[in-house]
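start_17.txt (compact mmCIF, N, CA, C and O atoms)
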# COMPACT_ATOMS: atom_id res chain seq x y z
N MET C 18 14.66 5.14 3.99
CA MET C 18 13.79 4.58 4.99
C MET C 18 13.33 5.68 5.93
O MET C 18 14.12 6.52 6.33
N GLY C 19 12.06 5.65 6.26
CA GLY C 19 11.49 6.68 7.11
C GLY C 19 11.64 6.37 8.59
O GLY C 19 12.17 5.32 8.98
N PRO C 20 11.15 7.26 9.44
CA PRO C 20 11.31 7.11 10.88
C PRO C 20 10.55 5.91 11.46
O PRO C 20 10.88 5.43 12.53
N GLU C 21 9.55 5.41 10.74
CA GLU C 21 8.77 4.28 11.24
C GLU C 21 9.23 2.96 10.62
O GLU C 21 8.59 1.93 10.82
N ALA C 22 10.34 2.96 9.91
CA ALA C 22 10.79 1.77 9.17
C ALA C 22 11.00 0.55 10.06
O ALA C 22 10.75 -0.56 9.65
N GLY C 23 11.44 0.75 11.28
CA GLY C 23 11.69 -0.38 12.16
C GLY C 23 10.48 -0.82 12.97
O GLY C 23 10.55 -1.80 13.70
N GLU C 24 9.39 -0.11 12.83
CA GLU C 24 8.18 -0.44 13.60
C GLU C 24 7.40 -1.57 12.92
O GLU C 24 7.46 -1.72 11.70
N PRO C 25 6.65 -2.35 13.71
CA PRO C 25 5.82 -3.40 13.09
C PRO C 25 4.72 -2.77 12.25
O PRO C 25 4.27 -1.65 12.53
N GLY C 26 4.30 -3.46 11.23
CA GLY C 26 3.24 -2.96 10.36
C GLY C 26 1.97 -3.79 10.51
O GLY C 26 2.02 -5.01 10.49
N PHE C 27 0.86 -3.13 10.70
CA PHE C 27 -0.43 -3.79 10.81
C PHE C 27 -1.41 -3.08 9.90
O PHE C 27 -1.44 -1.85 9.83
N ASP C 28 -2.20 -3.84 9.19
CA ASP C 28 -3.15 -3.27 8.25
C ASP C 28 -4.04 -2.22 8.91
O ASP C 28 -4.23 -1.14 8.37
N LEU C 29 -4.58 -2.53 10.07
CA LEU C 29 -5.49 -1.60 10.75
C LEU C 29 -4.80 -0.26 11.03
O LEU C 29 -5.39 0.81 10.82
N LEU C 30 -3.55 -0.31 11.48
CA LEU C 30 -2.82 0.93 11.74
C LEU C 30 -2.57 1.70 10.45
O LEU C 30 -2.68 2.93 10.42
N ALA C 31 -2.24 0.98 9.39
CA ALA C 31 -2.00 1.64 8.10
C ALA C 31 -3.29 2.28 7.58
O ALA C 31 -3.25 3.39 7.04
N GLN C 32 -4.42 1.60 7.73
CA GLN C 32 -5.69 2.18 7.29
C GLN C 32 -5.98 3.49 8.03
O GLN C 32 -6.39 4.48 7.42
N GLY C 33 -5.78 3.49 9.33
CA GLY C 33 -6.07 4.67 10.13
C GLY C 33 -5.07 5.79 9.94
O GLY C 33 -5.44 6.95 9.74
N ALA C 34 -3.80 5.45 9.98
CA ALA C 34 -2.75 6.47 9.92
C ALA C 34 -2.62 7.11 8.55
O ALA C 34 -2.15 8.25 8.44
N ARG C 35 -3.01 6.44 7.51
CA ARG C 35 -2.84 6.97 6.16
C ARG C 35 -4.12 7.53 5.56
O ARG C 35 -4.13 8.00 4.44
N GLY C 36 -5.22 7.49 6.30
CA GLY C 36 -6.44 8.17 5.85
C GLY C 36 -7.50 7.31 5.20
O GLY C 36 -8.56 7.81 4.85
N LEU C 37 -7.25 6.02 5.03
CA LEU C 37 -8.26 5.18 4.39
C LEU C 37 -9.55 5.10 5.21
O LEU C 37 -10.65 5.09 4.66
N MET C 38 -9.42 5.02 6.52
CA MET C 38 -10.61 4.91 7.36
C MET C 38 -11.45 6.19 7.32
O MET C 38 -12.65 6.15 7.56
N ALA C 39 -10.82 7.31 7.01
CA ALA C 39 -11.54 8.59 6.97
C ALA C 39 -12.50 8.68 5.79
O ALA C 39 -13.38 9.53 5.78
N VAL C 40 -12.34 7.82 4.80
CA VAL C 40 -13.21 7.88 3.62
C VAL C 40 -14.16 6.69 3.56
O VAL C 40 -14.74 6.41 2.52
N THR C 41 -14.32 5.99 4.67
CA THR C 41 -15.26 4.87 4.74
C THR C 41 -16.29 5.16 5.82
O THR C 41 -16.11 6.03 6.66
N GLY C 42 -17.38 4.41 5.80
CA GLY C 42 -18.44 4.60 6.78
C GLY C 42 -19.37 5.73 6.39
O GLY C 42 -19.25 6.33 5.32
N PRO C 43 -20.32 6.05 7.26
CA PRO C 43 -21.29 7.11 6.97
C PRO C 43 -20.61 8.48 6.83
O PRO C 43 -19.64 8.77 7.53
N ALA C 44 -21.12 9.30 5.95
CA ALA C 44 -20.53 10.62 5.70
C ALA C 44 -20.48 11.48 6.96
O ALA C 44 -19.55 12.25 7.14
N ASP C 45 -21.44 11.35 7.84
CA ASP C 45 -21.47 12.16 9.05
C ASP C 45 -21.03 11.39 10.29
O ASP C 45 -21.20 11.85 11.41
N GLY C 46 -20.43 10.21 10.08
CA GLY C 46 -20.03 9.37 11.20
C GLY C 46 -18.53 9.28 11.39
O GLY C 46 -17.75 9.93 10.70
N ALA C 47 -18.18 8.43 12.31
CA ALA C 47 -16.76 8.20 12.62
C ALA C 47 -16.11 7.36 11.52
O ALA C 47 -16.81 6.67 10.77
N PRO C 48 -14.79 7.41 11.41
CA PRO C 48 -14.09 6.57 10.44
C PRO C 48 -14.37 5.09 10.71
O PRO C 48 -14.56 4.68 11.85
N HIS C 49 -14.38 4.30 9.65
CA HIS C 49 -14.63 2.86 9.75
C HIS C 49 -13.50 2.08 9.09
O HIS C 49 -12.99 2.49 8.04
N LYS C 50 -13.15 0.96 9.70
CA LYS C 50 -12.17 0.05 9.11
C LYS C 50 -12.77 -0.56 7.85
O LYS C 50 -13.95 -0.89 7.81
N ILE C 51 -11.97 -0.70 6.81
CA ILE C 51 -12.39 -1.40 5.61
C ILE C 51 -12.60 -2.86 5.98
O ILE C 51 -11.86 -3.40 6.80
N GLY C 52 -13.57 -3.51 5.40
CA GLY C 52 -13.96 -4.87 5.78
C GLY C 52 -12.91 -5.95 5.58
O GLY C 52 -13.03 -7.03 6.14
N VAL C 53 -11.90 -5.70 4.77
CA VAL C 53 -10.83 -6.67 4.56
C VAL C 53 -9.49 -5.98 4.86
O VAL C 53 -9.42 -4.76 4.92
N ALA C 54 -8.44 -6.77 5.00
CA ALA C 54 -7.10 -6.22 5.23
C ALA C 54 -6.56 -5.70 3.91
O ALA C 54 -5.59 -6.21 3.36
N LEU C 55 -7.17 -4.65 3.39
CA LEU C 55 -6.89 -4.15 2.05
C LEU C 55 -5.45 -3.69 1.87
O LEU C 55 -4.83 -3.97 0.84
N VAL C 56 -4.89 -3.01 2.83
CA VAL C 56 -3.53 -2.51 2.69
C VAL C 56 -2.56 -3.70 2.61
O VAL C 56 -1.63 -3.68 1.80
N ASP C 57 -2.79 -4.73 3.40
CA ASP C 57 -1.95 -5.93 3.32
C ASP C 57 -2.04 -6.56 1.93
O ASP C 57 -1.02 -6.94 1.34
N VAL C 58 -3.25 -6.69 1.42
CA VAL C 58 -3.46 -7.29 0.10
C VAL C 58 -2.79 -6.45 -0.99
O VAL C 58 -2.08 -6.98 -1.86
N LEU C 59 -2.99 -5.14 -0.94
CA LEU C 59 -2.39 -4.26 -1.95
C LEU C 59 -0.86 -4.24 -1.85
O LEU C 59 -0.17 -4.12 -2.87
N ALA C 60 -0.32 -4.36 -0.64
CA ALA C 60 1.14 -4.43 -0.50
C ALA C 60 1.67 -5.70 -1.16
O ALA C 60 2.74 -5.69 -1.78
N GLY C 61 0.91 -6.78 -1.08
CA GLY C 61 1.28 -8.02 -1.77
C GLY C 61 1.29 -7.83 -3.28
O GLY C 61 2.20 -8.27 -3.98
N TRP C 62 0.28 -7.14 -3.80
CA TRP C 62 0.23 -6.86 -5.24
C TRP C 62 1.38 -5.94 -5.65
O TRP C 62 1.96 -6.10 -6.74
N SER C 63 1.71 -4.98 -4.80
CA SER C 63 2.84 -4.10 -5.08
C SER C 63 4.14 -4.90 -5.16
O SER C 63 4.96 -4.69 -6.06
N ALA C 64 4.31 -5.81 -4.23
CA ALA C 64 5.51 -6.66 -4.23
C ALA C 64 5.53 -7.54 -5.49
O ALA C 64 6.58 -7.70 -6.12
N LEU C 65 4.38 -8.07 -5.86
CA LEU C 65 4.29 -8.89 -7.07
C LEU C 65 4.72 -8.11 -8.30
O LEU C 65 5.52 -8.61 -9.12
N ALA C 66 4.22 -6.89 -8.45
CA ALA C 66 4.59 -6.07 -9.60
C ALA C 66 6.09 -5.79 -9.62
O ALA C 66 6.74 -5.85 -10.67
N ALA C 67 6.67 -5.50 -8.45
CA ALA C 67 8.10 -5.22 -8.37
C ALA C 67 8.92 -6.47 -8.70
O ALA C 67 9.93 -6.39 -9.41
N ILE C 68 8.48 -7.61 -8.22
CA ILE C 68 9.19 -8.86 -8.49
C ILE C 68 9.14 -9.19 -9.98
O ILE C 68 10.16 -9.56 -10.58
N LEU C 69 7.97 -9.04 -10.59
CA LEU C 69 7.86 -9.31 -12.02
C LEU C 69 8.73 -8.35 -12.84
O LEU C 69 9.37 -8.75 -13.82
N GLY C 70 8.78 -7.08 -12.43
CA GLY C 70 9.64 -6.12 -13.10
C GLY C 70 11.11 -6.50 -12.97
O GLY C 70 11.88 -6.39 -13.92
N ALA C 71 11.50 -6.95 -11.79
CA ALA C 71 12.88 -7.35 -11.56
C ALA C 71 13.23 -8.59 -12.39
O ALA C 71 14.33 -8.68 -12.96
N LEU C 72 12.31 -9.53 -12.47
CA LEU C 72 12.55 -10.72 -13.28
C LEU C 72 12.67 -10.36 -14.76
O LEU C 72 13.51 -10.91 -15.48
N HIS C 73 11.85 -9.44 -15.20
CA HIS C 73 11.91 -9.00 -16.60
C HIS C 73 13.27 -8.33 -16.88
O HIS C 73 13.90 -8.60 -17.91
N ALA C 74 13.72 -7.48 -15.98
CA ALA C 74 15.02 -6.82 -16.15
C ALA C 74 16.15 -7.84 -16.18
O ALA C 74 17.09 -7.72 -16.96
N ARG C 75 16.06 -8.85 -15.33
CA ARG C 75 17.09 -9.89 -15.31
C ARG C 75 17.14 -10.63 -16.64
O ARG C 75 18.21 -10.89 -17.18
N GLU C 76 15.98 -10.94 -17.18
CA GLU C 76 15.93 -11.61 -18.48
C GLU C 76 16.46 -10.71 -19.60
O GLU C 76 17.14 -11.17 -20.51
N ARG C 77 16.12 -9.43 -19.53
CA ARG C 77 16.48 -8.48 -20.58
C ARG C 77 17.97 -8.18 -20.60
O ARG C 77 18.62 -8.24 -21.63
N ASP C 78 18.53 -7.85 -19.43
CA ASP C 78 19.93 -7.44 -19.43
C ASP C 78 20.77 -8.01 -18.29
O ASP C 78 21.90 -7.57 -18.07
N GLY C 79 20.22 -8.94 -17.56
CA GLY C 79 20.99 -9.62 -16.52
C GLY C 79 21.20 -8.84 -15.24
O GLY C 79 21.97 -9.26 -14.39
N THR C 80 20.54 -7.69 -15.09
CA THR C 80 20.72 -6.89 -13.87
C THR C 80 19.92 -7.47 -12.72
O THR C 80 18.89 -8.10 -12.90
N GLY C 81 20.40 -7.23 -11.54
CA GLY C 81 19.69 -7.65 -10.34
C GLY C 81 18.84 -6.51 -9.80
O GLY C 81 18.91 -5.38 -10.29
N ALA C 82 18.04 -6.81 -8.81
CA ALA C 82 17.18 -5.78 -8.22
C ALA C 82 16.93 -6.10 -6.75
O ALA C 82 16.90 -7.27 -6.36
N HIS C 83 16.75 -5.07 -5.98
CA HIS C 83 16.36 -5.20 -4.57
C HIS C 83 14.91 -4.72 -4.51
O HIS C 83 14.63 -3.56 -4.82
N VAL C 84 14.01 -5.59 -4.13
CA VAL C 84 12.58 -5.28 -4.14
C VAL C 84 12.11 -4.96 -2.72
O VAL C 84 12.40 -5.70 -1.79
N LYS C 85 11.43 -3.83 -2.57
CA LYS C 85 10.87 -3.44 -1.27
C LYS C 85 9.45 -2.92 -1.47
O LYS C 85 9.14 -2.32 -2.50
N THR C 86 8.62 -3.13 -0.50
CA THR C 86 7.31 -2.50 -0.45
C THR C 86 7.01 -2.21 1.02
O THR C 86 7.69 -2.72 1.91
N ASN C 87 6.03 -1.37 1.27
CA ASN C 87 5.68 -1.07 2.66
C ASN C 87 4.22 -0.66 2.75
O ASN C 87 3.59 -0.30 1.76
N LEU C 88 3.70 -0.71 3.95
CA LEU C 88 2.29 -0.40 4.16
C LEU C 88 2.00 1.09 4.01
O LEU C 88 0.91 1.47 3.58
N VAL C 89 2.96 1.94 4.36
CA VAL C 89 2.74 3.39 4.27
C VAL C 89 2.51 3.81 2.82
O VAL C 89 1.50 4.45 2.50
N SER C 90 3.43 3.46 1.95
CA SER C 90 3.29 3.83 0.54
C SER C 90 2.06 3.19 -0.08
O SER C 90 1.35 3.81 -0.87
N THR C 91 1.81 1.95 0.29
CA THR C 91 0.66 1.24 -0.25
C THR C 91 -0.64 1.92 0.20
O THR C 91 -1.56 2.10 -0.59
N GLY C 92 -0.72 2.27 1.48
CA GLY C 92 -1.92 2.94 1.99
C GLY C 92 -2.16 4.28 1.32
O GLY C 92 -3.29 4.64 1.00
N LEU C 93 -1.09 5.01 1.07
CA LEU C 93 -1.24 6.30 0.37
C LEU C 93 -1.66 6.08 -1.08
O LEU C 93 -2.50 6.81 -1.60
N ALA C 94 -1.07 5.11 -1.74
CA ALA C 94 -1.43 4.82 -3.13
C ALA C 94 -2.88 4.41 -3.26
O ALA C 94 -3.54 4.71 -4.27
N ALA C 95 -3.42 3.77 -2.24
CA ALA C 95 -4.82 3.35 -2.28
C ALA C 95 -5.78 4.53 -2.27
O ALA C 95 -6.96 4.39 -2.61
N LEU C 96 -5.28 5.71 -1.92
CA LEU C 96 -6.11 6.91 -1.87
C LEU C 96 -6.08 7.72 -3.17
O LEU C 96 -6.53 8.85 -3.20
N VAL C 97 -5.57 7.13 -4.24
CA VAL C 97 -5.41 7.87 -5.49
C VAL C 97 -6.73 8.46 -5.98
O VAL C 97 -6.77 9.60 -6.44
N ASN C 98 -7.82 7.75 -5.88
CA ASN C 98 -9.11 8.28 -6.34
C ASN C 98 -9.61 9.39 -5.45
O ASN C 98 -10.25 10.33 -5.93
N VAL C 99 -9.32 9.33 -4.18
CA VAL C 99 -9.70 10.40 -3.25
C VAL C 99 -8.92 11.66 -3.60
O VAL C 99 -9.46 12.76 -3.65
N ALA C 100 -7.63 11.50 -3.87
CA ALA C 100 -6.79 12.65 -4.20
C ALA C 100 -7.18 13.27 -5.54
O ALA C 100 -7.03 14.47 -5.75
N ALA C 101 -7.69 12.46 -6.45
CA ALA C 101 -8.01 12.95 -7.79
C ALA C 101 -9.39 13.59 -7.91
O ALA C 101 -9.65 14.30 -8.87
N ARG C 102 -10.24 13.36 -6.91
CA ARG C 102 -11.59 13.93 -7.04
C ARG C 102 -11.57 15.44 -6.76
O ARG C 102 -10.80 15.91 -5.93
N PRO C 103 -12.44 16.17 -7.44
CA PRO C 103 -12.48 17.62 -7.23
C PRO C 103 -12.96 17.95 -5.82
O PRO C 103 -13.78 17.25 -5.25
N SER C 104 -12.45 19.03 -5.27
CA SER C 104 -12.86 19.40 -3.91
C SER C 104 -14.13 20.22 -3.92
O SER C 104 -14.65 20.66 -4.85

Full structure transcribed into structure tokens:
Amino acid sequence: MGPEAGEPGFDLLAQGARGLMAVTGPADGAPHKIGVALVDVLAGWSALAAILGALHARERDGTGAHVKTNLVSTGLAALVNVAARPS
């Protein structure tokens, strides 16, 4: 767990703090909030994938799992295309 683990999580803060807002809006303008709570939605999908994986493991070999997701990792993962583009 990181230093911000106990802090409340808000989509808008995650968008700004993790760089998503820096790649939206006009190229020569200020950062813009994405029109939907994208980090919240993607964190839900991340949790869904982890839960399905845990259920599959339980069916396969009876093991349990502790599922966690967070806005920081989700916000960074949302930037995969930005990170992959040539500079």

Report as a compact mmCIF listing (two decimals) with N, CA, C and O atoms, in the frame of the given file all protein, DNA and RNA residues lying within 7 Å of segment 91-96 of chain C, evaluated on all atoms listed in the file, omitting residues in the same chain fewer than 5 positions from it.
# COMPACT_ATOMS: atom_id res chain seq x y z
N ALA C 31 -2.24 0.98 9.39
CA ALA C 31 -2.00 1.64 8.10
C ALA C 31 -3.29 2.28 7.58
O ALA C 31 -3.25 3.39 7.04
N GLN C 32 -4.42 1.60 7.73
CA GLN C 32 -5.69 2.18 7.29
C GLN C 32 -5.98 3.49 8.03
O GLN C 32 -6.39 4.48 7.42
N ARG C 35 -3.01 6.44 7.51
CA ARG C 35 -2.84 6.97 6.16
C ARG C 35 -4.12 7.53 5.56
O ARG C 35 -4.13 8.00 4.44
N GLY C 36 -5.22 7.49 6.30
CA GLY C 36 -6.44 8.17 5.85
C GLY C 36 -7.50 7.31 5.20
O GLY C 36 -8.56 7.81 4.85
N LEU C 37 -7.25 6.02 5.03
CA LEU C 37 -8.26 5.18 4.39
C LEU C 37 -9.55 5.10 5.21
O LEU C 37 -10.65 5.09 4.66
N VAL C 56 -4.89 -3.01 2.83
CA VAL C 56 -3.53 -2.51 2.69
C VAL C 56 -2.56 -3.70 2.61
O VAL C 56 -1.63 -3.68 1.80
N LEU C 59 -2.99 -5.14 -0.94
CA LEU C 59 -2.39 -4.26 -1.95
C LEU C 59 -0.86 -4.24 -1.85
O LEU C 59 -0.17 -4.12 -2.87
N ALA C 60 -0.32 -4.36 -0.64
CA ALA C 60 1.14 -4.43 -0.50
C ALA C 60 1.67 -5.70 -1.16
O ALA C 60 2.74 -5.69 -1.78
N THR C 86 8.62 -3.13 -0.50
CA THR C 86 7.31 -2.50 -0.45
C THR C 86 7.01 -2.21 1.02
O THR C 86 7.69 -2.72 1.91
N ALA C 101 -7.69 12.46 -6.45
CA ALA C 101 -8.01 12.95 -7.79
C ALA C 101 -9.39 13.59 -7.91
O ALA C 101 -9.65 14.30 -8.87
N ARG C 102 -10.24 13.36 -6.91
CA ARG C 102 -11.59 13.93 -7.04
C ARG C 102 -11.57 15.44 -6.76
O ARG C 102 -10.80 15.91 -5.93

Please identify the alpha helix (DSSP H) residues within chain C (assignment by DSSP from backbone atoms) and present them as a ChimeraX atom specification. /C:28-34,55-78,88-94,97-101

Atom N of Ala66 of chain C to atom CA of Ala22 of chain C, distance in Å rounded to a single decimal: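 These atoms are spaced 20.7 Å apart.
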
In Å and to one decimal, atom CA of Glu24 of chain C is distant from atom CA of Val40 of chain C by 25.0 Å

Show me the residues close to (14.6, -7.7, -4.7) - anything with an atom within 9 Å, counting only C-alpha atoms - and format the list as a ChimeraX atom specification. /C:67-68,71,81-85

Dump of N, CA, C and O atoms for the selected residues, as a PDB file, keeping the file's coordinate frame:
ATOM      1  N   ALA C  67       6.670  -5.500  -8.450  1.00  0.00           N
ATOM      2  CA  ALA C  67       8.100  -5.220  -8.370  1.00  0.00           C
ATOM      3  C   ALA C  67       8.920  -6.470  -8.700  1.00  0.00           C
ATOM      4  O   ALA C  67       9.930  -6.390  -9.410  1.00  0.00           O
ATOM      5  N   ILE C  68       8.480  -7.610  -8.220  1.00  0.00           N
ATOM      6  CA  ILE C  68       9.190  -8.860  -8.490  1.00  0.00           C
ATOM      7  C   ILE C  68       9.140  -9.190  -9.980  1.00  0.00           C
ATOM      8  O   ILE C  68      10.160  -9.560 -10.580  1.00  0.00           O
ATOM      9  N   ALA C  71      11.500  -6.950 -11.790  1.00  0.00           N
ATOM     10  CA  ALA C  71      12.880  -7.350 -11.560  1.00  0.00           C
ATOM     11  C   ALA C  71      13.230  -8.590 -12.390  1.00  0.00           C
ATOM     12  O   ALA C  71      14.330  -8.680 -12.960  1.00  0.00           O
ATOM     13  N   GLY C  81      20.400  -7.230 -11.540  1.00  0.00           N
ATOM     14  CA  GLY C  81      19.690  -7.650 -10.340  1.00  0.00           C
ATOM     15  C   GLY C  81      18.840  -6.510  -9.800  1.00  0.00           C
ATOM     16  O   GLY C  81      18.910  -5.380 -10.290  1.00  0.00           O
ATOM     17  N   ALA C  82      18.040  -6.810  -8.810  1.00  0.00           N
ATOM     18  CA  ALA C  82      17.180  -5.780  -8.220  1.00  0.00           C
ATOM     19  C   ALA C  82      16.930  -6.100  -6.750  1.00  0.00           C
ATOM     20  O   ALA C  82      16.900  -7.270  -6.360  1.00  0.00           O
ATOM     21  N   HIS C  83      16.750  -5.070  -5.980  1.00  0.00           N
ATOM     22  CA  HIS C  83      16.360  -5.200  -4.570  1.00  0.00           C
ATOM     23  C   HIS C  83      14.910  -4.720  -4.510  1.00  0.00           C
ATOM     24  O   HIS C  83      14.630  -3.560  -4.820  1.00  0.00           O
ATOM     25  N   VAL C  84      14.010  -5.590  -4.130  1.00  0.00           N
ATOM     26  CA  VAL C  84      12.580  -5.280  -4.140  1.00  0.00           C
ATOM     27  C   VAL C  84      12.110  -4.960  -2.720  1.00  0.00           C
ATOM     28  O   VAL C  84      12.400  -5.700  -1.790  1.00  0.00           O
ATOM     29  N   LYS C  85      11.430  -3.830  -2.570  1.00  0.00           N
ATOM     30  CA  LYS C  85      10.870  -3.440  -1.270  1.00  0.00           C
ATOM     31  C   LYS C  85       9.450  -2.920  -1.470  1.00  0.00           C
ATOM     32  O   LYS C  85       9.140  -2.320  -2.500  1.00  0.00           O
TER      33      LYS C  85
END

Atom pair atom CA of Met38 of chain C / atom C of Lys50 of chain C: separation (Å):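 Atom-to-atom, atom CA of Met38 of chain C to atom C of Lys50 of chain C, that is 5.9 Å.
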
Between C:Ile51, C:Leu88, C:Ala64, C:Ala44, which is the closest to Phe27 of chain C once you count only C-alpha atoms? C:Leu88

Kindly complete segment 87-96 of chain C to all heavy atoms; the output should be written as a PDB file, keeping the file's coordinate frame.
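The resulting file, result34.pdb, is reproduced below:
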ATOM      1  N   ASN C  87       6.030  -1.370   1.270  1.00  0.00           N
ATOM      2  CA  ASN C  87       5.680  -1.070   2.660  1.00  0.00           C
ATOM      3  C   ASN C  87       4.220  -0.660   2.750  1.00  0.00           C
ATOM      4  O   ASN C  87       3.590  -0.300   1.760  1.00  0.00           O
ATOM      5  CB  ASN C  87       6.613   0.000   3.230  1.00  0.00           C
ATOM      6  CG  ASN C  87       6.477   1.317   2.508  1.00  0.00           C
ATOM      7  OD1 ASN C  87       5.470   1.998   2.639  1.00  0.00           O
ATOM      8  ND2 ASN C  87       7.487   1.683   1.721  1.00  0.00           N
ATOM      9  N   LEU C  88       3.700  -0.710   3.950  1.00  0.00           N
ATOM     10  CA  LEU C  88       2.290  -0.400   4.160  1.00  0.00           C
ATOM     11  C   LEU C  88       2.000   1.090   4.010  1.00  0.00           C
ATOM     12  O   LEU C  88       0.910   1.470   3.580  1.00  0.00           O
ATOM     13  CB  LEU C  88       1.835  -0.890   5.535  1.00  0.00           C
ATOM     14  CG  LEU C  88       1.898  -2.404   5.748  1.00  0.00           C
ATOM     15  CD1 LEU C  88       1.481  -2.754   7.170  1.00  0.00           C
ATOM     16  CD2 LEU C  88       1.031  -3.137   4.750  1.00  0.00           C
ATOM     17  N   VAL C  89       2.960   1.940   4.360  1.00  0.00           N
ATOM     18  CA  VAL C  89       2.740   3.390   4.270  1.00  0.00           C
ATOM     19  C   VAL C  89       2.510   3.810   2.820  1.00  0.00           C
ATOM     20  O   VAL C  89       1.500   4.450   2.500  1.00  0.00           O
ATOM     21  CB  VAL C  89       3.926   4.160   4.879  1.00  0.00           C
ATOM     22  CG1 VAL C  89       3.791   5.646   4.637  1.00  0.00           C
ATOM     23  CG2 VAL C  89       4.038   3.868   6.359  1.00  0.00           C
ATOM     24  N   SER C  90       3.430   3.460   1.950  1.00  0.00           N
ATOM     25  CA  SER C  90       3.290   3.830   0.540  1.00  0.00           C
ATOM     26  C   SER C  90       2.060   3.190  -0.080  1.00  0.00           C
ATOM     27  O   SER C  90       1.350   3.810  -0.870  1.00  0.00           O
ATOM     28  CB  SER C  90       4.533   3.410  -0.245  1.00  0.00           C
ATOM     29  OG  SER C  90       5.657   4.086   0.230  1.00  0.00           O
ATOM     30  N   THR C  91       1.810   1.950   0.290  1.00  0.00           N
ATOM     31  CA  THR C  91       0.660   1.240  -0.250  1.00  0.00           C
ATOM     32  C   THR C  91      -0.640   1.920   0.200  1.00  0.00           C
ATOM     33  O   THR C  91      -1.560   2.100  -0.590  1.00  0.00           O
ATOM     34  CB  THR C  91       0.676  -0.230   0.191  1.00  0.00           C
ATOM     35  OG1 THR C  91       1.885  -0.828  -0.284  1.00  0.00           O
ATOM     36  CG2 THR C  91      -0.507  -0.982  -0.354  1.00  0.00           C
ATOM     37  N   GLY C  92      -0.720   2.270   1.480  1.00  0.00           N
ATOM     38  CA  GLY C  92      -1.920   2.940   1.990  1.00  0.00           C
ATOM     39  C   GLY C  92      -2.160   4.280   1.320  1.00  0.00           C
ATOM     40  O   GLY C  92      -3.290   4.640   1.000  1.00  0.00           O
ATOM     41  N   LEU C  93      -1.090   5.010   1.070  1.00  0.00           N
ATOM     42  CA  LEU C  93      -1.240   6.300   0.370  1.00  0.00           C
ATOM     43  C   LEU C  93      -1.660   6.080  -1.080  1.00  0.00           C
ATOM     44  O   LEU C  93      -2.500   6.810  -1.600  1.00  0.00           O
ATOM     45  CB  LEU C  93       0.070   7.083   0.439  1.00  0.00           C
ATOM     46  CG  LEU C  93       0.435   7.641   1.808  1.00  0.00           C
ATOM     47  CD1 LEU C  93       1.824   8.253   1.779  1.00  0.00           C
ATOM     48  CD2 LEU C  93      -0.594   8.656   2.268  1.00  0.00           C
ATOM     49  N   ALA C  94      -1.070   5.110  -1.740  1.00  0.00           N
ATOM     50  CA  ALA C  94      -1.430   4.820  -3.130  1.00  0.00           C
ATOM     51  C   ALA C  94      -2.880   4.410  -3.260  1.00  0.00           C
ATOM     52  O   ALA C  94      -3.540   4.710  -4.270  1.00  0.00           O
ATOM     53  CB  ALA C  94      -0.516   3.740  -3.694  1.00  0.00           C
ATOM     54  N   ALA C  95      -3.420   3.770  -2.240  1.00  0.00           N
ATOM     55  CA  ALA C  95      -4.820   3.350  -2.280  1.00  0.00           C
ATOM     56  C   ALA C  95      -5.780   4.530  -2.270  1.00  0.00           C
ATOM     57  O   ALA C  95      -6.960   4.390  -2.610  1.00  0.00           O
ATOM     58  CB  ALA C  95      -5.125   2.420  -1.103  1.00  0.00           C
ATOM     59  N   LEU C  96      -5.280   5.710  -1.920  1.00  0.00           N
ATOM     60  CA  LEU C  96      -6.110   6.910  -1.870  1.00  0.00           C
ATOM     61  C   LEU C  96      -6.080   7.720  -3.170  1.00  0.00           C
ATOM     62  O   LEU C  96      -6.530   8.850  -3.200  1.00  0.00           O
ATOM     63  CB  LEU C  96      -5.671   7.793  -0.701  1.00  0.00           C
ATOM     64  CG  LEU C  96      -5.962   7.224   0.681  1.00  0.00           C
ATOM     65  CD1 LEU C  96      -5.229   8.009   1.743  1.00  0.00           C
ATOM     66  CD2 LEU C  96      -7.456   7.206   0.941  1.00  0.00           C
TER      67      LEU C  96
END
